[in-house]
Each structure stands twice: as structure tokens, then as C-alpha cells.
Amino acid sequence: MKYIHLAIIEDDEMVREGLEDYLGDNPRLQLGPISDSVEGFLEQIDNSLEKPHIDLMLLDIGLPGMSGIQGIRHIRQKLPDTDIIMLTTYEESDKIFKALCAGACSYMTKRASLAEIEEAIMIVYKGGSYMSPAIARKVAQHFMPAAPKEGDVLTPRQKQIVQGIVDGLSYKMIADKLSISLDTVRDHIKRIYRELEVNSKAEVIRKALDGEI
């Protein structure tokens, strides 16, 4: 049987011991090195008689000293073939993308069960990637087209007419200012009302002042 060599960097003793106890029962996994900091892990690597073989690593972000995100670069310099799974309490988008951009291949929250963490290890070892559902949603939302704001439905000319309304200009004055006919202004006004789902100039002005246009 080919073993999966797994390292763990986690400063919470209870979490670390829970991972060791549960994952250590899997006959396919060989655990070690295990450390409570990136610095401690790197020291273990440097003091090893020979470079250890590590297939995967579970890495926390909020660590004493160097953060997990900062540590990814140093770890990958020494162990370029090791896949890194972030296992952390942080769910902020900036931390997710900083970790992935730095070289982590997966990102999980500590709300995941031990069975889910074990499943993620197996998926990553086989060449896949794993994200906790909440994290996967954040990643998907990041790449989704932004929902258009109400103001985006108006043409540049219609926005000019809205600005004229906000400035208190009459339709005739707006027409003269933009060098268009009064009928054209009225036609645009009808379209503006329809697009913004309003029925009066007062509502148009309110949306404009509220930054919705």
C-alpha cells in the first residue's frame, strides 16, 4: 500500500490533537511533521537528516509568528511538490484568494467535520481540489458577472436628462441644453420612468440623489 504523507501546522492544541487522533487511524495516512507554527515546521525540515517526503499539508492561517498565508511561500520553496490545504476559521474573501494565489490548492473551514477533512485529503491526493461549500460559493460569486445597478440600464443620453431634472431644468431647457427636440426629451423621459420603475420626476430625483442611478 502506498502511504499518503501528511503534515499538519495548527496552533490550537485541541484541534491539532483531534486531527492526529482521527487521521492517524487511517491506515493510508502517515502523519508528520506536526507543528504549532510555520517557523517550527521549517526548523524541523531544516534539521532533518534528509528532506522529508510530504504529499499534503493541513495549514492554519492564524498562527503565532508567521501567518499561514505568509508561510506558504517559504513552505513551497522547500517542498514544491507538497499540496497545501488551508484549514482555518477565516472565511473572508481576501484571505481565501490570498491563500489560493500564494499556492494553496484547497481551502476549508474548521466547521468541516473530521470526515470531510479526510475526504478532502483523499481528493487532493488524487489530483483534485476541495473547497468547503461556503468557501466554494464565495469563489463562485467572485467570478459571477456583477448584477447591474439600476443606473446601468440608462443610456448616457438618458443620464444627461436625469441630471437636467436633478438640476431643476424644464424639459424645454433640457432640450435646448442637449440640442435635441422637446419630443425627444419626452420620449426619453418615458423610457427612464419605465426602466427605473417610477412614475414621477420626484422619484427620479430621489434615486439619483441616493446614488441608485
# chains A, B, ... in the order shown; residues from 1 in each chain; ligands from 1

call {"tool": "select_by_dssp", "arguments": {"residues": "chain A", "states": "helix (DSSP H, G or I)", "output": "JSON list (two decimals) with N, CA and C atoms, in the first residue's frame"}}
result
[["chain", "number", "residue", "atom", "x", "y", "z"],
["A", 13, "GLU", "N", -4.16, 23.39, 20.25],
["A", 13, "GLU", "CA", -3.78, 22.05, 20.69],
["A", 13, "GLU", "C", -4.93, 21.06, 20.56],
["A", 14, "MET", "N", -6.14, 21.51, 20.90],
["A", 14, "MET", "CA", -7.29, 20.60, 20.83],
["A", 14, "MET", "C", -7.58, 20.19, 19.39],
["A", 15, "VAL", "N", -7.54, 21.17, 18.49],
["A", 15, "VAL", "CA", -7.78, 20.87, 17.08],
["A", 15, "VAL", "C", -6.68, 19.97, 16.54],
["A", 16, "ARG", "N", -5.45, 20.30, 16.88],
["A", 16, "ARG", "CA", -4.30, 19.52, 16.39],
["A", 16, "ARG", "C", -4.38, 18.06, 16.85],
["A", 17, "GLU", "N", -4.68, 17.87, 18.13],
["A", 17, "GLU", "CA", -4.76, 16.51, 18.66],
["A", 17, "GLU", "C", -5.95, 15.76, 18.08],
["A", 18, "GLY", "N", -7.05, 16.49, 17.84],
["A", 18, "GLY", "CA", -8.20, 15.84, 17.23],
["A", 18, "GLY", "C", -7.88, 15.34, 15.83],
["A", 19, "LEU", "N", -7.16, 16.16, 15.06],
["A", 19, "LEU", "CA", -6.74, 15.76, 13.72],
["A", 19, "LEU", "C", -5.80, 14.56, 13.77],
["A", 20, "GLU", "N", -4.84, 14.60, 14.70],
["A", 20, "GLU", "CA", -3.90, 13.49, 14.83],
["A", 20, "GLU", "C", -4.60, 12.20, 15.18],
["A", 21, "ASP", "N", -5.51, 12.26, 16.15],
["A", 21, "ASP", "CA", -6.21, 11.05, 16.61],
["A", 21, "ASP", "C", -7.07, 10.45, 15.50],
["A", 22, "TYR", "N", -7.83, 11.34, 14.82],
["A", 22, "TYR", "CA", -8.76, 10.83, 13.81],
["A", 22, "TYR", "C", -8.02, 10.36, 12.56],
["A", 23, "LEU", "N", -7.17, 11.22, 12.02],
["A", 23, "LEU", "CA", -6.48, 10.89, 10.78],
["A", 23, "LEU", "C", -5.44, 9.79, 10.99],
["A", 38, "VAL", "N", 4.62, 27.89, 11.57],
["A", 38, "VAL", "CA", 5.38, 27.72, 10.33],
["A", 38, "VAL", "C", 6.87, 27.66, 10.65],
["A", 39, "GLU", "N", 7.29, 28.55, 11.55],
["A", 39, "GLU", "CA", 8.71, 28.57, 11.92],
["A", 39, "GLU", "C", 9.16, 27.23, 12.49],
["A", 40, "GLY", "N", 8.32, 26.65, 13.35],
["A", 40, "GLY", "CA", 8.66, 25.36, 13.94],
["A", 40, "GLY", "C", 8.72, 24.26, 12.90],
["A", 41, "PHE", "N", 7.78, 24.32, 11.96],
["A", 41, "PHE", "CA", 7.77, 23.31, 10.89],
["A", 41, "PHE", "C", 9.03, 23.43, 10.03],
["A", 42, "LEU", "N", 9.37, 24.65, 9.64],
["A", 42, "LEU", "CA", 10.56, 24.85, 8.80],
["A", 42, "LEU", "C", 11.83, 24.41, 9.53],
["A", 43, "GLU", "N", 11.86, 24.63, 10.83],
["A", 43, "GLU", "CA", 13.03, 24.20, 11.62],
["A", 43, "GLU", "C", 13.13, 22.69, 11.61],
["A", 44, "GLN", "N", 11.99, 22.01, 11.73],
["A", 44, "GLN", "CA", 12.01, 20.55, 11.67],
["A", 44, "GLN", "C", 12.55, 20.07, 10.33],
["A", 45, "ILE", "N", 12.11, 20.73, 9.26],
["A", 45, "ILE", "CA", 12.58, 20.36, 7.92],
["A", 45, "ILE", "C", 14.08, 20.56, 7.79],
["A", 46, "ASP", "N", 14.55, 21.72, 8.26],
["A", 46, "ASP", "CA", 15.97, 22.05, 8.14],
["A", 46, "ASP", "C", 16.84, 21.11, 8.97],
["A", 47, "ASN", "N", 16.31, 20.63, 10.09],
["A", 47, "ASN", "CA", 17.09, 19.78, 10.99],
["A", 47, "ASN", "C", 17.00, 18.30, 10.64],
["A", 68, "GLY", "N", -0.19, 31.62, 8.25],
["A", 68, "GLY", "CA", -0.18, 30.53, 7.29],
["A", 68, "GLY", "C", -0.04, 31.02, 5.86],
["A", 69, "ILE", "N", -0.70, 32.14, 5.54],
["A", 69, "ILE", "CA", -0.60, 32.68, 4.18],
["A", 69, "ILE", "C", 0.83, 33.12, 3.88],
["A", 70, "GLN", "N", 1.45, 33.79, 4.84],
["A", 70, "GLN", "CA", 2.85, 34.20, 4.65],
["A", 70, "GLN", "C", 3.76, 32.97, 4.53],
["A", 71, "GLY", "N", 3.39, 31.93, 5.25],
["A", 71, "GLY", "CA", 4.24, 30.74, 5.29],
["A", 71, "GLY", "C", 4.20, 29.90, 4.02],
["A", 72, "ILE", "N", 3.14, 30.05, 3.22],
["A", 72, "ILE", "CA", 3.01, 29.21, 2.02],
["A", 72, "ILE", "C", 4.24, 29.34, 1.13],
["A", 73, "ARG", "N", 4.67, 30.58, 0.92],
["A", 73, "ARG", "CA", 5.83, 30.80, 0.03],
["A", 73, "ARG", "C", 7.07, 30.08, 0.55],
["A", 74, "HIS", "N", 7.32, 30.17, 1.85],
["A", 74, "HIS", "CA", 8.51, 29.53, 2.44],
["A", 74, "HIS", "C", 8.40, 28.01, 2.39],
["A", 75, "ILE", "N", 7.20, 27.50, 2.62],
["A", 75, "ILE", "CA", 6.99, 26.05, 2.58],
["A", 75, "ILE", "C", 7.19, 25.53, 1.17],
["A", 76, "ARG", "N", 6.64, 26.25, 0.19],
["A", 76, "ARG", "CA", 6.75, 25.77, -1.18],
["A", 76, "ARG", "C", 8.17, 25.88, -1.73],
["A", 77, "GLN", "N", 8.95, 26.79, -1.18],
["A", 77, "GLN", "CA", 10.36, 26.87, -1.58],
["A", 77, "GLN", "C", 11.09, 25.59, -1.20],
["A", 78, "LYS", "N", 10.76, 25.05, -0.04],
["A", 78, "LYS", "CA", 11.43, 23.85, 0.44],
["A", 78, "LYS", "C", 10.73, 22.57, -0.04],
["A", 93, "SER", "N", -13.18, 36.77, 1.99],
["A", 93, "SER", "CA", -12.78, 36.57, 0.60],
["A", 93, "SER", "C", -11.31, 36.92, 0.36],
["A", 94, "ASP", "N", -10.83, 37.99, 1.01],
["A", 94, "ASP", "CA", -9.44, 38.40, 0.75],
["A", 94, "ASP", "C", -8.46, 37.33, 1.21],
["A", 95, "LYS", "N", -8.75, 36.68, 2.34],
["A", 95, "LYS", "CA", -7.85, 35.63, 2.83],
["A", 95, "LYS", "C", -7.93, 34.40, 1.94],
["A", 96, "ILE", "N", -9.13, 34.07, 1.48],
["A", 96, "ILE", "CA", -9.29, 32.92, 0.59],
["A", 96, "ILE", "C", -8.42, 33.10, -0.66],
["A", 97, "PHE", "N", -8.54, 34.28, -1.30],
["A", 97, "PHE", "CA", -7.83, 34.49, -2.56],
["A", 97, "PHE", "C", -6.34, 34.70, -2.35],
["A", 98, "LYS", "N", -5.96, 35.30, -1.24],
["A", 98, "LYS", "CA", -4.53, 35.44, -0.95],
["A", 98, "LYS", "C", -3.89, 34.07, -0.78],
["A", 99, "ALA", "N", -4.60, 33.17, -0.08],
["A", 99, "ALA", "CA", -4.07, 31.82, 0.13],
["A", 99, "ALA", "C", -3.98, 31.06, -1.18],
["A", 100, "LEU", "N", -5.02, 31.13, -2.00],
["A", 100, "LEU", "CA", -5.01, 30.41, -3.27],
["A", 100, "LEU", "C", -3.97, 30.98, -4.22],
["A", 101, "CYS", "N", -3.84, 32.30, -4.23],
["A", 101, "CYS", "CA", -2.84, 32.93, -5.10],
["A", 101, "CYS", "C", -1.43, 32.62, -4.63],
["A", 102, "ALA", "N", -1.25, 32.42, -3.33],
["A", 102, "ALA", "CA", 0.08, 32.13, -2.79],
["A", 102, "ALA", "C", 0.50, 30.69, -3.09],
["A", 114, "LEU", "N", -14.42, 16.06, 10.72],
["A", 114, "LEU", "CA", -13.18, 15.32, 10.51],
["A", 114, "LEU", "C", -13.30, 14.41, 9.29],
["A", 115, "ALA", "N", -14.50, 13.86, 9.08],
["A", 115, "ALA", "CA", -14.71, 13.00, 7.91],
["A", 115, "ALA", "C", -14.56, 13.80, 6.62],
["A", 116, "GLU", "N", -15.05, 15.05, 6.61],
["A", 116, "GLU", "CA", -14.91, 15.91, 5.43],
["A", 116, "GLU", "C", -13.46, 16.25, 5.18],
["A", 117, "ILE", "N", -12.72, 16.50, 6.25],
["A", 117, "ILE", "CA", -11.29, 16.81, 6.11],
["A", 117, "ILE", "C", -10.55, 15.60, 5.53],
["A", 118, "GLU", "N", -10.90, 14.43, 6.02],
["A", 118, "GLU", "CA", -10.30, 13.20, 5.50],
["A", 118, "GLU", "C", -10.64, 13.01, 4.02],
["A", 119, "GLU", "N", -11.90, 13.29, 3.67],
["A", 119, "GLU", "CA", -12.32, 13.19, 2.26],
["A", 119, "GLU", "C", -11.54, 14.18, 1.39],
["A", 120, "ALA", "N", -11.35, 15.40, 1.90],
["A", 120, "ALA", "CA", -10.60, 16.41, 1.15],
["A", 120, "ALA", "C", -9.17, 15.96, 0.89],
["A", 121, "ILE", "N", -8.56, 15.35, 1.88],
["A", 121, "ILE", "CA", -7.18, 14.86, 1.74],
["A", 121, "ILE", "C", -7.11, 13.84, 0.60],
["A", 122, "MET", "N", -8.07, 12.93, 0.56],
["A", 122, "MET", "CA", -8.08, 11.90, -0.48],
["A", 122, "MET", "C", -8.30, 12.51, -1.87],
["A", 123, "ILE", "N", -9.21, 13.49, -1.95],
["A", 123, "ILE", "CA", -9.49, 14.15, -3.23],
["A", 123, "ILE", "C", -8.26, 14.89, -3.74],
["A", 124, "VAL", "N", -7.61, 15.64, -2.85],
["A", 124, "VAL", "CA", -6.43, 16.41, -3.25],
["A", 124, "VAL", "C", -5.29, 15.47, -3.63],
["A", 125, "TYR", "N", -5.12, 14.39, -2.90],
["A", 125, "TYR", "CA", -4.04, 13.43, -3.21],
["A", 125, "TYR", "C", -4.21, 12.86, -4.61],
["A", 133, "PRO", "N", -18.23, 24.10, 1.25],
["A", 133, "PRO", "CA", -19.34, 24.69, 0.47],
["A", 133, "PRO", "C", -19.42, 26.20, 0.57],
["A", 134, "ALA", "N", -19.28, 26.76, 1.78],
["A", 134, "ALA", "CA", -19.37, 28.21, 1.94],
["A", 134, "ALA", "C", -18.23, 28.91, 1.19],
["A", 135, "ILE", "N", -17.06, 28.29, 1.20],
["A", 135, "ILE", "CA", -15.90, 28.86, 0.51],
["A", 135, "ILE", "C", -16.09, 28.76, -1.00],
["A", 136, "ALA", "N", -16.59, 27.62, -1.47],
["A", 136, "ALA", "CA", -16.82, 27.44, -2.90],
["A", 136, "ALA", "C", -17.81, 28.48, -3.42],
["A", 137, "ARG", "N", -18.81, 28.81, -2.61],
["A", 137, "ARG", "CA", -19.79, 29.81, -3.02],
["A", 137, "ARG", "C", -19.14, 31.19, -3.15],
["A", 138, "LYS", "N", -18.26, 31.53, -2.21],
["A", 138, "LYS", "CA", -17.57, 32.81, -2.28],
["A", 138, "LYS", "C", -16.71, 32.89, -3.53],
["A", 139, "VAL", "N", -16.03, 31.79, -3.84],
["A", 139, "VAL", "CA", -15.18, 31.77, -5.04],
["A", 139, "VAL", "C", -16.04, 31.93, -6.29],
["A", 140, "ALA", "N", -17.18, 31.21, -6.33],
["A", 140, "ALA", "CA", -18.08, 31.30, -7.48],
["A", 140, "ALA", "C", -18.63, 32.71, -7.63],
["A", 141, "GLN", "N", -19.02, 33.32, -6.51],
["A", 141, "GLN", "CA", -19.58, 34.67, -6.56],
["A", 141, "GLN", "C", -18.56, 35.68, -7.06],
["A", 142, "HIS", "N", -17.29, 35.42, -6.74],
["A", 142, "HIS", "CA", -16.23, 36.33, -7.17],
["A", 142, "HIS", "C", -16.16, 36.40, -8.70],
["A", 143, "PHE", "N", -16.43, 35.27, -9.36],
["A", 143, "PHE", "CA", -16.30, 35.22, -10.81],
["A", 143, "PHE", "C", -17.63, 35.43, -11.53],
["A", 150, "GLU", "N", -29.20, 49.82, -11.00],
["A", 150, "GLU", "CA", -30.32, 50.41, -11.71],
["A", 150, "GLU", "C", -29.86, 51.43, -12.73],
["A", 151, "GLY", "N", -28.85, 52.21, -12.35],
["A", 151, "GLY", "CA", -28.37, 53.25, -13.24],
["A", 151, "GLY", "C", -27.76, 52.71, -14.52],
["A", 152, "ASP", "N", -27.31, 51.45, -14.51],
["A", 152, "ASP", "CA", -26.69, 50.89, -15.67],
["A", 152, "ASP", "C", -27.67, 50.63, -16.81],
["A", 153, "VAL", "N", -28.98, 50.65, -16.52],
["A", 153, "VAL", "CA", -29.96, 50.40, -17.58],
["A", 153, "VAL", "C", -30.22, 51.65, -18.40],
["A", 156, "PRO", "N", -26.24, 56.83, -21.83],
["A", 156, "PRO", "CA", -25.56, 58.08, -21.46],
["A", 156, "PRO", "C", -26.46, 59.31, -21.66],
["A", 157, "ARG", "N", -27.22, 59.32, -22.76],
["A", 157, "ARG", "CA", -28.12, 60.46, -23.01],
["A", 157, "ARG", "C", -29.20, 60.53, -21.94],
["A", 158, "GLN", "N", -29.75, 59.40, -21.55],
["A", 158, "GLN", "CA", -30.78, 59.39, -20.51],
["A", 158, "GLN", "C", -30.22, 59.87, -19.17],
["A", 159, "LYS", "N", -28.97, 59.53, -18.91],
["A", 159, "LYS", "CA", -28.35, 60.00, -17.67],
["A", 159, "LYS", "C", -28.18, 61.53, -17.70],
["A", 160, "GLN", "N", -27.89, 62.07, -18.90],
["A", 160, "GLN", "CA", -27.78, 63.52, -19.03],
["A", 160, "GLN", "C", -29.13, 64.18, -18.75],
["A", 161, "ILE", "N", -30.18, 63.56, -19.22],
["A", 161, "ILE", "CA", -31.52, 64.11, -18.99],
["A", 161, "ILE", "C", -31.89, 64.02, -17.51],
["A", 162, "VAL", "N", -31.53, 62.91, -16.87],
["A", 162, "VAL", "CA", -31.77, 62.78, -15.43],
["A", 162, "VAL", "C", -31.04, 63.88, -14.67],
["A", 163, "GLN", "N", -29.79, 64.17, -15.07],
["A", 163, "GLN", "CA", -29.03, 65.22, -14.40],
["A", 163, "GLN", "C", -29.72, 66.57, -14.60],
["A", 164, "GLY", "N", -30.30, 66.79, -15.77],
["A", 164, "GLY", "CA", -31.05, 68.03, -16.00],
["A", 164, "GLY", "C", -32.25, 68.14, -15.09],
["A", 165, "ILE", "N", -32.94, 67.01, -14.88],
["A", 165, "ILE", "CA", -34.09, 67.00, -13.97],
["A", 165, "ILE", "C", -33.63, 67.32, -12.55],
["A", 166, "VAL", "N", -32.54, 66.70, -12.13],
["A", 166, "VAL", "CA", -31.99, 66.95, -10.78],
["A", 166, "VAL", "C", -31.61, 68.42, -10.63],
["A", 171, "TYR", "N", -38.23, 70.53, -19.24],
["A", 171, "TYR", "CA", -37.97, 69.70, -20.41],
["A", 171, "TYR", "C", -37.45, 70.54, -21.57],
["A", 172, "LYS", "N", -38.02, 71.76, -21.72],
["A", 172, "LYS", "CA", -37.59, 72.65, -22.81],
["A", 172, "LYS", "C", -36.14, 73.06, -22.62],
["A", 173, "MET", "N", -35.76, 73.36, -21.36],
["A", 173, "MET", "CA", -34.38, 73.78, -21.09],
["A", 173, "MET", "C", -33.42, 72.61, -21.31],
["A", 174, "ILE", "N", -33.84, 71.41, -20.95],
["A", 174, "ILE", "CA", -33.00, 70.22, -21.18],
["A", 174, "ILE", "C", -32.80, 70.02, -22.68],
["A", 175, "ALA", "N", -33.89, 70.18, -23.44],
["A", 175, "ALA", "CA", -33.81, 70.02, -24.89],
["A", 175, "ALA", "C", -32.84, 71.02, -25.50],
["A", 176, "ASP", "N", -32.92, 72.27, -25.06],
["A", 176, "ASP", "CA", -32.03, 73.30, -25.59],
["A", 176, "ASP", "C", -30.58, 73.02, -25.20],
["A", 177, "LYS", "N", -30.39, 72.59, -23.95],
["A", 177, "LYS", "CA", -29.03, 72.34, -23.46],
["A", 177, "LYS", "C", -28.37, 71.19, -24.23],
["A", 178, "LEU", "N", -29.15, 70.16, -24.55],
["A", 178, "LEU", "CA", -28.60, 68.98, -25.22],
["A", 178, "LEU", "C", -28.76, 69.03, -26.74],
["A", 182, "LEU", "N", -37.83, 68.77, -28.09],
["A", 182, "LEU", "CA", -38.63, 68.56, -26.89],
["A", 182, "LEU", "C", -39.30, 67.19, -26.91],
["A", 183, "ASP", "N", -39.74, 66.75, -28.09],
["A", 183, "ASP", "CA", -40.37, 65.42, -28.20],
["A", 183, "ASP", "C", -39.37, 64.31, -27.85],
["A", 184, "THR", "N", -38.13, 64.53, -28.27],
["A", 184, "THR", "CA", -37.09, 63.53, -27.95],
["A", 184, "THR", "C", -36.88, 63.45, -26.45],
["A", 185, "VAL", "N", -36.86, 64.60, -25.78],
["A", 185, "VAL", "CA", -36.72, 64.60, -24.32],
["A", 185, "VAL", "C", -37.88, 63.85, -23.69],
["A", 186, "ARG", "N", -39.09, 64.13, -24.15],
["A", 186, "ARG", "CA", -40.28, 63.48, -23.59],
["A", 186, "ARG", "C", -40.23, 61.97, -23.81],
["A", 187, "ASP", "N", -39.76, 61.57, -24.97],
["A", 187, "ASP", "CA", -39.63, 60.13, -25.27],
["A", 187, "ASP", "C", -38.63, 59.47, -24.32],
["A", 188, "HIS", "N", -37.50, 60.15, -24.09],
["A", 188, "HIS", "CA", -36.50, 59.62, -23.14],
["A", 188, "HIS", "C", -37.07, 59.55, -21.73],
["A", 189, "ILE", "N", -37.84, 60.55, -21.34],
["A", 189, "ILE", "CA", -38.42, 60.57, -20.00],
["A", 189, "ILE", "C", -39.31, 59.34, -19.79],
["A", 190, "LYS", "N", -40.11, 59.02, -20.82],
["A", 190, "LYS", "CA", -40.98, 57.84, -20.71],
["A", 190, "LYS", "C", -40.14, 56.57, -20.52],
["A", 191, "ARG", "N", -39.06, 56.47, -21.29],
["A", 191, "ARG", "CA", -38.19, 55.30, -21.18],
["A", 191, "ARG", "C", -37.50, 55.24, -19.81],
["A", 192, "ILE", "N", -37.09, 56.40, -19.32],
["A", 192, "ILE", "CA", -36.44, 56.47, -18.00],
["A", 192, "ILE", "C", -37.40, 56.00, -16.91],
["A", 193, "TYR", "N", -38.64, 56.49, -16.96],
["A", 193, "TYR", "CA", -39.64, 56.06, -15.98],
["A", 193, "TYR", "C", -39.82, 54.54, -16.02],
["A", 194, "ARG", "N", -39.90, 54.01, -17.24],
["A", 194, "ARG", "CA", -40.13, 52.57, -17.40],
["A", 194, "ARG", "C", -38.94, 51.76, -16.88],
["A", 195, "GLU", "N", -37.73, 52.18, -17.23],
["A", 195, "GLU", "CA", -36.55, 51.44, -16.80],
["A", 195, "GLU", "C", -36.35, 51.50, -15.28],
["A", 196, "LEU", "N", -36.63, 52.64, -14.70],
["A", 196, "LEU", "CA", -36.43, 52.81, -13.26],
["A", 196, "LEU", "C", -37.66, 52.42, -12.44],
["A", 201, "LYS", "N", -41.10, 62.72, -11.56],
["A", 201, "LYS", "CA", -39.77, 63.32, -11.52],
["A", 201, "LYS", "C", -39.19, 63.24, -10.11],
["A", 202, "ALA", "N", -40.06, 63.36, -9.10],
["A", 202, "ALA", "CA", -39.59, 63.32, -7.70],
["A", 202, "ALA", "C", -38.90, 61.99, -7.40],
["A", 203, "GLU", "N", -39.45, 60.89, -7.93],
["A", 203, "GLU", "CA", -38.86, 59.57, -7.70],
["A", 203, "GLU", "C", -37.53, 59.45, -8.44],
["A", 204, "VAL", "N", -37.47, 60.03, -9.64],
["A", 204, "VAL", "CA", -36.21, 60.01, -10.40],
["A", 204, "VAL", "C", -35.14, 60.77, -9.62],
["A", 205, "ILE", "N", -35.51, 61.94, -9.11],
["A", 205, "ILE", "CA", -34.56, 62.77, -8.35],
["A", 205, "ILE", "C", -34.09, 62.02, -7.10],
["A", 206, "ARG", "N", -35.03, 61.36, -6.41],
["A", 206, "ARG", "CA", -34.66, 60.63, -5.19],
["A", 206, "ARG", "C", -33.64, 59.53, -5.50],
["A", 207, "LYS", "N", -33.90, 58.76, -6.55],
["A", 207, "LYS", "CA", -32.97, 57.69, -6.93],
["A", 207, "LYS", "C", -31.59, 58.26, -7.30],
["A", 208, "ALA", "N", -31.61, 59.38, -8.00],
["A", 208, "ALA", "CA", -30.35, 59.99, -8.39],
["A", 208, "ALA", "C", -29.56, 60.45, -7.17],
["A", 209, "LEU", "N", -30.26, 61.11, -6.21],
["A", 209, "LEU", "CA", -29.58, 61.59, -5.02],
["A", 209, "LEU", "C", -29.14, 60.47, -4.10]]

call {"tool": "closest_atom_pairs", "arguments": {"of": "stretch 71-122 of chain A", "to": "stretch 52-55 of chain A", "cutoff": "9 Å", "atoms": "only C-alpha atoms", "output": "JSON lines"}}
result
{"residue": "A:Leu79", "atom": "CA", "partner": "A:Ile54", "partner_atom": "CA", "distance": 7.7}
{"residue": "A:Asp81", "atom": "CA", "partner": "A:Asp55", "partner_atom": "CA", "distance": 7.2}
{"residue": "A:Thr82", "atom": "CA", "partner": "A:Asp55", "partner_atom": "CA", "distance": 5.0}
{"residue": "A:Asp83", "atom": "CA", "partner": "A:Asp55", "partner_atom": "CA", "distance": 6.3}
{"residue": "A:Ile84", "atom": "CA", "partner": "A:Asp55", "partner_atom": "CA", "distance": 8.8}

call {"tool": "write_last_selection", "arguments": {"atoms": "C-alpha atoms", "output": "mmCIF file, in the first residue's frame"}}
result
data_model
loop_
_atom_site.group_PDB
_atom_site.id
_atom_site.type_symbol
_atom_site.label_atom_id
_atom_site.label_comp_id
_atom_site.auth_asym_id
_atom_site.auth_seq_id
_atom_site.Cartn_x
_atom_site.Cartn_y
_atom_site.Cartn_z
ATOM 1 C CA LEU A 79 8.642 21.469 -0.594
ATOM 2 C CA ASP A 81 5.584 19.243 -4.695
ATOM 3 C CA THR A 82 3.545 19.389 -1.486
ATOM 4 C CA ASP A 83 -0.141 20.234 -1.866
ATOM 5 C CA ILE A 84 -1.382 22.668 0.761
#

call {"tool": "residues_around", "arguments": {"residues": "A:Asp12", "least_positions_apart": "4", "cutoff": "12 Å", "atoms": "only C-alpha atoms", "output": "list in words"}}
result
Ile8, Arg16, Glu17, Gly18, Leu19, Ser35, Asp36, Ser37, Leu59, Asp60, Ile61, Gly62, Leu63, Pro64, Leu87, Thr88, Thr89 and Lys110 of chain A

call {"tool": "residues_around", "arguments": {"residues": "A:Met131", "least_positions_apart": "5", "cutoff": "8 Å", "atoms": "only C-alpha atoms", "output": "NGL selection string"}}
result
:A and (106-108 or 136)

call {"tool": "select_by_dssp", "arguments": {"residues": "stretch 49-211 of chain A", "states": "strand (DSSP E or B)", "output": "PyMOL selection string"}}
result
chain A and resi 56-59+83-88+106-109+131

call {"tool": "atom_distance", "arguments": {"atom1": "atom CA of A:Met86", "atom2": "atom CA of A:Glu50"}}
result
25.8 Å

call {"tool": "closest_residue", "arguments": {"among": "A:Glu197, A:Tyr90, A:Thr109, A:Ile213", "to": "A:Leu154", "atoms": "only C-alpha atoms"}}
result
A:Ile213

call {"tool": "closest_residue", "arguments": {"among": "A:Gly24, A:Gln30, A:Ile85, A:Cys105", "to": "A:Met1", "atoms": "only C-alpha atoms"}}
result
A:Gln30

call {"tool": "atom_distance", "arguments": {"atom1": "atom CA of A:Leu49", "atom2": "atom CA of A:Lys126"}}
result
28.7 Å
